[in-house]
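Below is one structure, written out as structure tokens, with a few remarks after it.
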Amino acid sequence: MTKWLSLFLLCSVQIQGAIAADSPALRAARYYAQGLERPLLQIRSGAALIQACADRLRPHCSKEQREAAGRAGALTLLDELTLFPQRPAEDPVAGITRRRDFERKMNETGAALLHEAGAYDRELFARFLATLAVCPADDNPEYLLSLQAMKLVNYAGFQAVPLDELTQLLVDETRRVEALEEQMRAAPPEDCQAARKLGEYLMQLMNAKLGPWHDARRTQKPPAREFDFDKPKAEPADEARKPDDRQLAQAVAGNFVSVVATELHLIVYPDSEARIKAIADAQGY
């Protein structure tokens, strides 16, 4: 009992310290962190499936997946992102008894990652657009036009939203931005400026993420497939994407989500930077 009481008191002191150290920058990080836990949960599920190829699911995995399991470190890194403490409600590996079960779960997890990462992208754009509307700044027209162009590249290119659905998506976005504007107007001016500054940096990351989609011919090589779930080549293509497009999108979505989550975590918990870097270096990331 004494052991658990001591642990509880330690946690209480840490929480109080975090609250006392609160600042506009920290609040801005939490502002943009909302919704990011959902794609991170899908990355966790995919990483757990690959990691299980080392033992529980080994007979159902390909040679490449077994090799990936031997160097899997995604879960270790995700565990360090304590800004996102959520865990899957169910064991991703549960119920898998055949190779077809494994392939189906991998396919579902990859599709869910794209869906949730796309939802976070839309929320990220809405939150940043709200800061542009509320926080004073001298924005030139070219900046605003480039932002809108980047947003359409994301929706129509990266997310492959059908044109007949794009109009409704933009209408929904406008309503979301208006609601966030009210929230931003109720916040202290320094919070607004901090959210705007951090949002500009996240938009730079977004622009880098969308590099392959700025070129309609897809001439750029895909990035390192850090969170690619190695989908079987026999997976049937859906109508919106070709298999290579979907595979590239999953890799890019996972990498972007993990980078943004790490950046936001380090703003809130800067003391963890050395530990996270050491884990990443040890895992070869």
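Identifiers in the structure tokens: chain A, B, ... in order shown; residue index from 1 per chain; ligand index from 1 in order shown.
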
Exercise for the section: For Glu178 (chain A), please output as JSON, numbers by chain all residues within 9 Å (counting only C-alpha atoms; exclusion window: fewer than 5 positions along the same chain). Expected result: {"A": [126, 130, 173, 183]}

Practice task
as a count of residues only, list the residues of region 66-150 of chain A assigned to alpha helix (DSSP H) by DSSP on the backbone atoms of this structure.
Solution key: 58

Exercise for the section: Would you kindly return, as a PyMOL selection string, each protein, DNA or RNA residue with an atom no farther than 12 Å from any atom of Thr174 (chain A), considering only C-alpha atoms and excluding same-chain residues fewer than 5 positions away? Expected result: chain A and resi 122-123+125-127+129-130+133+167-169+179-181

Write the residues of the preceding selection, restricted to N, CA and C atoms, as an mmCIF file, in the first residue's frame.
```
data_model
loop_
_atom_site.group_PDB
_atom_site.id
_atom_site.type_symbol
_atom_site.label_atom_id
_atom_site.label_comp_id
_atom_site.auth_asym_id
_atom_site.auth_seq_id
_atom_site.Cartn_x
_atom_site.Cartn_y
_atom_site.Cartn_z
ATOM 1 N N ARG A 122 -7.894 17.682 -41.690
ATOM 2 C CA ARG A 122 -8.991 18.645 -41.835
ATOM 3 C C ARG A 122 -9.158 19.475 -40.565
ATOM 4 N N GLU A 123 -9.016 18.816 -39.413
ATOM 5 C CA GLU A 123 -9.110 19.541 -38.150
ATOM 6 C C GLU A 123 -7.942 20.512 -37.997
ATOM 7 N N PHE A 125 -6.245 22.036 -40.428
ATOM 8 C CA PHE A 125 -6.513 23.185 -41.282
ATOM 9 C C PHE A 125 -7.547 24.107 -40.636
ATOM 10 N N ALA A 126 -8.618 23.542 -40.106
ATOM 11 C CA ALA A 126 -9.671 24.354 -39.501
ATOM 12 C C ALA A 126 -9.129 25.148 -38.320
ATOM 13 N N ARG A 127 -8.338 24.517 -37.486
ATOM 14 C CA ARG A 127 -7.800 25.202 -36.309
ATOM 15 C C ARG A 127 -6.845 26.324 -36.711
ATOM 16 N N LEU A 129 -6.881 27.948 -39.656
ATOM 17 C CA LEU A 129 -7.671 28.981 -40.319
ATOM 18 C C LEU A 129 -8.393 29.861 -39.305
ATOM 19 N N ALA A 130 -8.801 29.278 -38.185
ATOM 20 C CA ALA A 130 -9.448 30.067 -37.139
ATOM 21 C C ALA A 130 -8.483 31.086 -36.555
ATOM 22 N N ALA A 133 -8.168 34.050 -38.839
ATOM 23 C CA ALA A 133 -9.326 34.940 -38.819
ATOM 24 C C ALA A 133 -9.359 35.821 -37.581
ATOM 25 N N THR A 167 -17.316 19.665 -52.164
ATOM 26 C CA THR A 167 -18.077 20.867 -51.814
ATOM 27 C C THR A 167 -18.652 20.770 -50.413
ATOM 28 N N GLN A 168 -19.248 19.625 -50.083
ATOM 29 C CA GLN A 168 -19.816 19.454 -48.750
ATOM 30 C C GLN A 168 -18.726 19.466 -47.689
ATOM 31 N N LEU A 169 -17.568 18.896 -48.001
ATOM 32 C CA LEU A 169 -16.457 18.906 -47.053
ATOM 33 C C LEU A 169 -16.055 20.346 -46.735
ATOM 34 N N ALA A 179 -16.886 27.870 -35.501
ATOM 35 C CA ALA A 179 -16.976 27.454 -34.102
ATOM 36 C C ALA A 179 -15.643 27.654 -33.385
ATOM 37 N N LEU A 180 -14.542 27.361 -34.072
ATOM 38 C CA LEU A 180 -13.219 27.531 -33.472
ATOM 39 C C LEU A 180 -12.865 29.006 -33.312
ATOM 40 N N GLU A 181 -13.375 29.854 -34.195
ATOM 41 C CA GLU A 181 -13.137 31.283 -34.049
ATOM 42 C C GLU A 181 -13.726 31.799 -32.744
#
```

Can you tell me, as a compact mmCIF listing (two decimals) with C-alpha atoms, in the first residue's frame, what residues are no more than 12 Å from Gly254 (chain A) when counting only C-alpha atoms, ignoring any on the same chain fewer than 4 positions away?
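Result went into around.txt, see below:
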```
# COMPACT_ATOMS: atom_id res chain seq x y z
CA LEU A 36 -4.29 13.45 -33.12
CA ARG A 38 -7.06 8.76 -33.26
CA PRO A 39 -4.51 8.23 -36.07
CA LEU A 40 -1.89 7.46 -33.42
CA LEU A 41 -4.09 4.60 -32.19
CA GLN A 42 -4.11 3.16 -35.72
CA ILE A 43 -0.31 3.45 -35.91
CA ARG A 44 -0.18 1.58 -32.59
CA SER A 45 -2.42 -1.16 -33.95
CA GLY A 46 -0.35 -1.55 -37.11
CA ALA A 47 2.91 -1.56 -35.17
CA ALA A 74 7.48 2.22 -33.19
CA LEU A 78 4.91 5.96 -29.11
CA THR A 109 -5.73 -0.93 -40.04
CA GLY A 110 -4.10 0.76 -43.02
CA ALA A 111 -7.48 2.02 -44.25
CA ALA A 112 -8.36 3.26 -40.77
CA LEU A 113 -5.03 5.10 -40.53
CA LEU A 114 -5.74 6.96 -43.78
CA HIS A 115 -9.26 7.80 -42.61
CA GLU A 116 -8.20 9.11 -39.21
CA ALA A 117 -5.11 10.90 -40.54
CA GLY A 118 -7.33 12.62 -43.11
CA TYR A 120 -6.86 15.13 -38.37
CA LYS A 209 4.24 16.09 -46.45
CA PRO A 223 9.73 8.71 -48.09
CA ALA A 224 11.17 6.10 -45.73
CA ARG A 225 8.32 3.73 -44.89
CA GLU A 226 8.66 4.01 -41.14
CA PHE A 227 5.02 3.17 -40.41
CA ASP A 228 4.11 1.35 -43.62
CA PHE A 229 2.12 -1.74 -42.74
CA GLN A 247 0.77 2.49 -50.03
CA LEU A 248 2.53 5.83 -50.42
CA ALA A 249 -0.34 7.65 -48.68
CA GLN A 250 -0.22 5.28 -45.70
CA SER A 258 4.27 10.70 -35.75
CA VAL A 259 6.34 13.83 -36.45
CA VAL A 260 3.58 16.23 -35.42
CA ALA A 261 2.82 14.20 -32.29
```

Exercise for the section: For Ile276 (chain A), work out the shell of residues within 8 Å, counting only C-alpha atoms and skipping chain neighbours fewer than 3 positions away, then give it as a PyMOL selection string. Expected result: chain A and resi 77+80+272-273+279-280

Those residues with N, CA and C atoms, as a PDB file, in the first residue's frame please?
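Once written, again_37.pdb looks like this:
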```
ATOM      1  N   LEU A  77       8.716   4.116 -29.183  1.00  0.00           N
ATOM      2  CA  LEU A  77       8.682   5.561 -29.371  1.00  0.00           C
ATOM      3  C   LEU A  77       7.318   6.135 -28.995  1.00  0.00           C
ATOM      4  N   GLU A  80       6.635   6.830 -25.407  1.00  0.00           N
ATOM      5  CA  GLU A  80       7.262   8.026 -24.832  1.00  0.00           C
ATOM      6  C   GLU A  80       6.416   9.281 -25.020  1.00  0.00           C
ATOM      7  N   SER A 272      11.884  15.557 -22.051  1.00  0.00           N
ATOM      8  CA  SER A 272      11.922  14.199 -22.599  1.00  0.00           C
ATOM      9  C   SER A 272      12.677  14.127 -23.930  1.00  0.00           C
ATOM     10  N   GLU A 273      13.186  15.248 -24.413  1.00  0.00           N
ATOM     11  CA  GLU A 273      13.813  15.267 -25.737  1.00  0.00           C
ATOM     12  C   GLU A 273      14.992  14.309 -25.827  1.00  0.00           C
ATOM     13  N   ILE A 279      16.115   6.853 -27.957  1.00  0.00           N
ATOM     14  CA  ILE A 279      15.325   5.700 -28.424  1.00  0.00           C
ATOM     15  C   ILE A 279      15.296   5.677 -29.943  1.00  0.00           C
ATOM     16  N   ALA A 280      15.061   6.843 -30.560  1.00  0.00           N
ATOM     17  CA  ALA A 280      15.017   6.914 -32.025  1.00  0.00           C
ATOM     18  C   ALA A 280      16.352   6.509 -32.639  1.00  0.00           C
TER      19      ALA A 280
END
```

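Between Tyr31 (chain A) and the residues A:Asn154, A:Gln148, A:Gln204, A:Thr131, the shortest atom-to-atom distance, using only C-alpha atoms, involves A:Thr131.
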
Exercise for the section: Kindly indicate which residue among A:Ala33, A:Ala52, A:Cys192, A:Val257 lies nearest to Asp91 (chain A), using only C-alpha atoms for the distances. Expected result: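 The shortest atom-to-atom distance to Asp91 (chain A) comes from A:Ala52.
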
Handout entry: Contacts of Asp101 (chain A) at 12 Å (only C-alpha atoms; same-chain gap of 4+ positions) as a PyMOL selection string
Key = chain A and resi 49+57+60-61+92-97+105-108

Once you have the residues from the selection above, write them out as an mmCIF file, in the first residue's frame, restricted to C-alpha atoms.
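Listing of again_37.cif after writing:
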```cif
data_model
loop_
_atom_site.group_PDB
_atom_site.id
_atom_site.type_symbol
_atom_site.label_atom_id
_atom_site.label_comp_id
_atom_site.auth_asym_id
_atom_site.auth_seq_id
_atom_site.Cartn_x
_atom_site.Cartn_y
_atom_site.Cartn_z
ATOM 1 C CA LEU A 49 0.527 -6.402 -35.684
ATOM 2 C CA LEU A 57 1.748 -14.314 -35.690
ATOM 3 C CA HIS A 60 1.007 -15.878 -40.877
ATOM 4 C CA CYS A 61 3.559 -13.216 -41.822
ATOM 5 C CA PRO A 92 -5.132 -5.772 -32.382
ATOM 6 C CA VAL A 93 -3.776 -9.335 -32.551
ATOM 7 C CA ALA A 94 -6.766 -10.974 -30.848
ATOM 8 C CA GLY A 95 -8.746 -13.445 -32.955
ATOM 9 C CA ILE A 96 -6.129 -13.859 -35.694
ATOM 10 C CA THR A 97 -5.755 -17.571 -36.404
ATOM 11 C CA LYS A 105 -6.625 -6.870 -40.168
ATOM 12 C CA MET A 106 -3.613 -5.248 -41.803
ATOM 13 C CA ASN A 107 -5.811 -3.932 -44.611
ATOM 14 C CA GLU A 108 -8.385 -2.598 -42.166
#
```
